[in-house]
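Report on one structure; see the data block that follows.
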Amino acid sequence: MSVKERKERDRAERERLIVATARELAEQQGWDAVTTRRLAERIEYSQPVLYSHFRGKREIIGAVALEGAVELAAAVRAAASRADGPRERVIALARAYLGFAEQNPAVYDALFRLDGGLAYAQDDTPEPLKDAFAALLESLAEVAGDGVQPGLFTEVFWAALHGLATLTRAGRLLPEDAEPRVELLVDRLAIV
């Protein structure tokens, strides 16, 4: 291995460590606890080393969001692939999405609530974000209904899931009604 390759590998390793540490800290204590000073202490590098990878917390949030988008897409696809029939696929997709939001609140916030400096729904949207939307579209396009644009339907369904995830997490919805909400959403919104 050349010196250049080793340096690139070490740099990539440090970047992964910074993102993993930020994510861990955010999941444990919330995003307000994630500071460059605290990250530098935890990973035992100086703040200038952190700044050589990320210009600040905003970019770190963006990196966590991109990582989370990959995980969300994989979770949705895995759940949908195990289901038989359109209705079951949509229910599995909804459960996987809501489960991801519940199990990864800091990552979910990085994806959909905080400013990570990422472009959404634009030409320069990063591929992991496009792929997460595509994972939803793959199952939802078949239940959009006649004359309904699948991408638009996916946006509306996603917005409903996001609302359920956000309101449940804020304690505004009873957790024991989670399953009936999913069933109602699928039965009233999707054409199956």
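Scheme for the structure tokens: letters A, B, ... for chains in order shown; per-chain residue numbers from 1; ligand numbers from 1 in order shown.
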
Exercise. Once DSSP has gone over the backbone, tell me which residues of chain A are in alpha helix (DSSP H), as a PyMOL selection string.
Key: chain A and resi 3-29+36-43+47-53+57-81+86-103+105-112+127-140+150-169+178-189

Polymer residues at most 9 Å from Phe153 of chain A, only C-alpha atoms, same-chain spacing of 4 or more positions, as a PDB file with C-alpha atoms, in the first residue's frame:
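The resulting file, selection08.pdb, is shown below:
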ATOM      1  CA  LEU A 137     -41.857   4.876  -4.405  1.00  0.00           C
ATOM      2  CA  LEU A 140     -46.268   2.945  -3.263  1.00  0.00           C
ATOM      3  CA  ALA A 141     -46.394   3.474  -7.034  1.00  0.00           C
ATOM      4  CA  VAL A 143     -51.185   1.635  -5.053  1.00  0.00           C
ATOM      5  CA  ALA A 144     -51.354   5.280  -6.118  1.00  0.00           C
ATOM      6  CA  GLY A 145     -54.549   4.773  -8.074  1.00  0.00           C
ATOM      7  CA  VAL A 148     -52.538   9.745  -9.694  1.00  0.00           C
ATOM      8  CA  GLN A 149     -48.902  10.594 -10.258  1.00  0.00           C
ATOM      9  CA  PHE A 157     -47.989   9.053   1.973  1.00  0.00           C
ATOM     10  CA  TRP A 158     -44.492   9.882   3.236  1.00  0.00           C
ATOM     11  CA  LEU A 189     -55.044   6.422   1.196  1.00  0.00           C
ATOM     12  CA  ALA A 190     -53.748   3.522  -0.863  1.00  0.00           C
TER      13      ALA A 190
END

Self-check item: Spatial neighbours of Pro105 of chain A, 9 Å, only C-alpha atoms, chain gap at least 3 places, as a PyMOL selection string
Solution: chain A and resi 26-27+30+100-102+108-110+169

Selection: 12 Å around Gly117 of chain A, only C-alpha atoms, excl. self and same-chain fewer than 3 positions, as a CSV table (one decimal) with all heavy atoms, in the first residue's frame:
chain,number,residue,atom,x,y,z
A,54,PHE,N,-14.9,18.2,8.4
A,54,PHE,CA,-16.2,18.9,8.4
A,54,PHE,C,-16.1,20.3,8.8
A,54,PHE,O,-15.4,20.6,9.7
A,54,PHE,CB,-17.2,18.2,9.3
A,54,PHE,CG,-17.4,16.7,9.0
A,54,PHE,CD1,-16.7,15.7,9.7
A,54,PHE,CD2,-18.3,16.3,8.0
A,54,PHE,CE1,-17.0,14.4,9.4
A,54,PHE,CE2,-18.5,15.0,7.7
A,54,PHE,CZ,-17.9,14.0,8.4
A,55,ARG,N,-16.8,21.2,8.1
A,55,ARG,CA,-16.7,22.6,8.4
A,55,ARG,C,-17.4,23.0,9.7
A,55,ARG,O,-17.2,24.0,10.2
A,55,ARG,CB,-17.2,23.5,7.3
A,55,ARG,CG,-16.2,23.5,6.1
A,55,ARG,CD,-16.7,24.4,5.0
A,55,ARG,NE,-17.9,23.7,4.4
A,55,ARG,CZ,-18.5,24.0,3.3
A,55,ARG,NH1,-18.1,25.1,2.7
A,55,ARG,NH2,-19.4,23.3,2.7
A,56,GLY,N,-18.2,22.1,10.2
A,56,GLY,CA,-18.9,22.3,11.4
A,56,GLY,C,-20.0,21.3,11.7
A,56,GLY,O,-20.1,20.3,10.9
A,57,LYS,N,-20.8,21.5,12.7
A,57,LYS,CA,-21.8,20.6,13.1
A,57,LYS,C,-22.8,20.4,12.0
A,57,LYS,O,-23.3,19.2,11.8
A,57,LYS,CB,-22.5,21.2,14.3
A,57,LYS,CG,-23.6,20.3,14.9
A,57,LYS,CD,-24.1,20.9,16.2
A,57,LYS,CE,-25.3,20.1,16.7
A,57,LYS,NZ,-25.7,20.7,18.0
A,58,ARG,N,-23.1,21.4,11.2
A,58,ARG,CA,-24.1,21.2,10.1
A,58,ARG,C,-23.7,20.1,9.1
A,58,ARG,O,-24.5,19.3,8.7
A,58,ARG,CB,-24.3,22.6,9.4
A,58,ARG,CG,-25.2,22.6,8.3
A,58,ARG,CD,-25.3,24.0,7.6
A,58,ARG,NE,-26.4,24.0,6.6
A,58,ARG,CZ,-26.3,24.7,5.5
A,58,ARG,NH1,-25.2,25.4,5.2
A,58,ARG,NH2,-27.2,24.7,4.7
A,59,GLU,N,-22.4,20.1,8.8
A,59,GLU,CA,-21.9,19.1,7.8
A,59,GLU,C,-21.9,17.7,8.5
A,59,GLU,O,-22.1,16.7,7.8
A,59,GLU,CB,-20.6,19.4,7.3
A,59,GLU,CG,-20.6,20.5,6.2
A,59,GLU,CD,-19.3,20.7,5.6
A,59,GLU,OE1,-18.3,20.0,5.8
A,59,GLU,OE2,-19.2,21.7,4.7
A,60,ILE,N,-21.7,17.7,9.8
A,60,ILE,CA,-21.7,16.4,10.5
A,60,ILE,C,-23.1,15.9,10.5
A,60,ILE,O,-23.4,14.7,10.3
A,60,ILE,CB,-21.1,16.5,11.9
A,60,ILE,CG1,-19.6,16.9,11.8
A,60,ILE,CG2,-21.4,15.3,12.7
A,60,ILE,CD1,-19.0,17.3,13.2
A,61,ILE,N,-24.1,16.7,10.8
A,61,ILE,CA,-25.5,16.3,10.7
A,61,ILE,C,-25.8,15.8,9.3
A,61,ILE,O,-26.5,14.8,9.1
A,61,ILE,CB,-26.4,17.5,11.1
A,61,ILE,CG1,-26.3,17.8,12.6
A,61,ILE,CG2,-27.9,17.2,10.7
A,61,ILE,CD1,-27.0,19.1,13.0
A,62,GLY,N,-25.4,16.5,8.3
A,62,GLY,CA,-25.6,16.0,6.9
A,62,GLY,C,-25.0,14.7,6.6
A,62,GLY,O,-25.6,13.8,6.0
A,63,ALA,N,-23.8,14.4,7.2
A,63,ALA,CA,-23.2,13.1,7.0
A,63,ALA,C,-24.0,12.0,7.7
A,63,ALA,O,-24.2,10.9,7.2
A,63,ALA,CB,-21.7,13.1,7.5
A,64,VAL,N,-24.5,12.3,8.9
A,64,VAL,CA,-25.3,11.4,9.6
A,64,VAL,C,-26.6,11.1,8.8
A,64,VAL,O,-27.1,10.0,8.7
A,64,VAL,CB,-25.6,11.8,11.1
A,64,VAL,CG1,-26.7,11.0,11.7
A,64,VAL,CG2,-24.4,11.8,11.9
A,65,ALA,N,-27.2,12.2,8.3
A,65,ALA,CA,-28.4,12.1,7.5
A,65,ALA,C,-28.2,11.1,6.3
A,65,ALA,O,-29.1,10.3,6.0
A,65,ALA,CB,-28.9,13.4,7.0
A,66,LEU,N,-27.1,11.3,5.6
A,66,LEU,CA,-26.8,10.5,4.4
A,66,LEU,C,-26.7,9.0,4.8
A,66,LEU,O,-27.2,8.1,4.1
A,66,LEU,CB,-25.6,11.0,3.7
A,66,LEU,CG,-25.7,12.3,3.0
A,66,LEU,CD1,-24.4,12.8,2.4
A,66,LEU,CD2,-26.8,12.3,2.0
A,110,ALA,N,-31.8,14.2,12.0
A,110,ALA,CA,-30.8,14.6,11.0
A,110,ALA,C,-31.4,14.5,9.6
A,110,ALA,O,-31.1,15.4,8.8
A,110,ALA,CB,-29.5,13.8,11.1
A,111,LEU,N,-32.1,13.5,9.3
A,111,LEU,CA,-32.7,13.4,8.0
A,111,LEU,C,-33.8,14.4,7.7
A,111,LEU,O,-33.8,15.0,6.6
A,111,LEU,CB,-33.3,12.0,7.8
A,111,LEU,CG,-32.5,10.9,7.3
A,111,LEU,CD1,-33.1,9.5,7.5
A,111,LEU,CD2,-32.2,11.1,5.8
A,112,PHE,N,-34.7,14.6,8.6
A,112,PHE,CA,-35.9,15.3,8.3
A,112,PHE,C,-36.3,16.5,9.1
A,112,PHE,O,-37.2,17.2,8.9
A,112,PHE,CB,-37.1,14.3,8.4
A,112,PHE,CG,-37.0,13.2,7.5
A,112,PHE,CD1,-37.0,11.9,8.0
A,112,PHE,CD2,-36.8,13.3,6.1
A,112,PHE,CE1,-36.8,10.8,7.2
A,112,PHE,CE2,-36.7,12.2,5.3
A,112,PHE,CZ,-36.7,11.0,5.8
A,113,ARG,N,-35.5,16.8,10.2
A,113,ARG,CA,-35.8,18.0,11.0
A,113,ARG,C,-34.7,19.0,11.1
A,113,ARG,O,-35.0,20.2,11.1
A,113,ARG,CB,-36.2,17.5,12.4
A,113,ARG,CG,-36.9,18.5,13.3
A,113,ARG,CD,-37.2,18.0,14.6
A,113,ARG,NE,-36.1,17.7,15.5
A,113,ARG,CZ,-35.4,18.6,16.1
A,113,ARG,NH1,-35.7,19.9,16.0
A,113,ARG,NH2,-34.4,18.3,16.9
A,114,LEU,N,-33.5,18.6,11.1
A,114,LEU,CA,-32.3,19.5,11.3
A,114,LEU,C,-31.7,19.9,9.9
A,114,LEU,O,-31.9,19.2,8.9
A,114,LEU,CB,-31.3,18.8,12.1
A,114,LEU,CG,-31.7,18.4,13.5
A,114,LEU,CD1,-30.6,17.6,14.2
A,114,LEU,CD2,-32.1,19.6,14.3
A,120,TYR,N,-32.9,18.7,-0.8
A,120,TYR,CA,-34.0,17.7,-1.0
A,120,TYR,C,-34.8,18.1,-2.2
A,120,TYR,O,-35.1,19.3,-2.4
A,120,TYR,CB,-34.8,17.7,0.3
A,120,TYR,CG,-34.2,17.0,1.5
A,120,TYR,CD1,-33.2,17.7,2.2
A,120,TYR,CD2,-34.5,15.7,1.8
A,120,TYR,CE1,-32.6,17.0,3.3
A,120,TYR,CE2,-33.9,15.1,2.9
A,120,TYR,CZ,-33.0,15.8,3.6
A,120,TYR,OH,-32.4,15.1,4.7
A,124,ASP,N,-29.6,18.5,-7.4
A,124,ASP,CA,-28.4,18.2,-6.7
A,124,ASP,C,-28.6,17.4,-5.4
A,124,ASP,O,-27.7,17.4,-4.6
A,124,ASP,CB,-27.5,19.4,-6.5
A,124,ASP,CG,-28.3,20.5,-5.7
A,124,ASP,OD1,-29.5,20.4,-5.6
A,124,ASP,OD2,-27.6,21.4,-5.2
A,125,THR,N,-29.8,16.8,-5.3
A,125,THR,CA,-30.0,16.0,-4.1
A,125,THR,C,-29.1,14.8,-4.1
A,125,THR,O,-28.9,14.2,-5.1
A,125,THR,CB,-31.5,15.5,-4.1
A,125,THR,OG1,-32.4,16.6,-4.0
A,125,THR,CG2,-31.8,14.6,-2.9
A,126,PRO,N,-28.4,14.6,-3.0
A,126,PRO,CA,-27.5,13.5,-2.9
A,126,PRO,C,-28.1,12.1,-3.2
A,126,PRO,O,-29.3,11.9,-2.8
A,126,PRO,CB,-26.9,13.5,-1.5
A,126,PRO,CG,-27.1,14.9,-1.0
A,126,PRO,CD,-28.4,15.4,-1.7

Quiz prompt | Selected residue of minimal separation from Val156 of chain A among A:Arg11, A:Leu136, A:Leu39, A:Gln47, counting only C-alpha atoms | solution =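 The closest residue to Val156 of chain A is A:Leu136.
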
Quiz prompt | Nearest to Leu17 of chain A, chosen from A:Glu5, A:Asp84, A:Asp131, A:Glu44, with only C-alpha atoms counted in the distances | solution =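 Looking at the shortest contact to Leu17 of chain A, the residue is A:Glu44.
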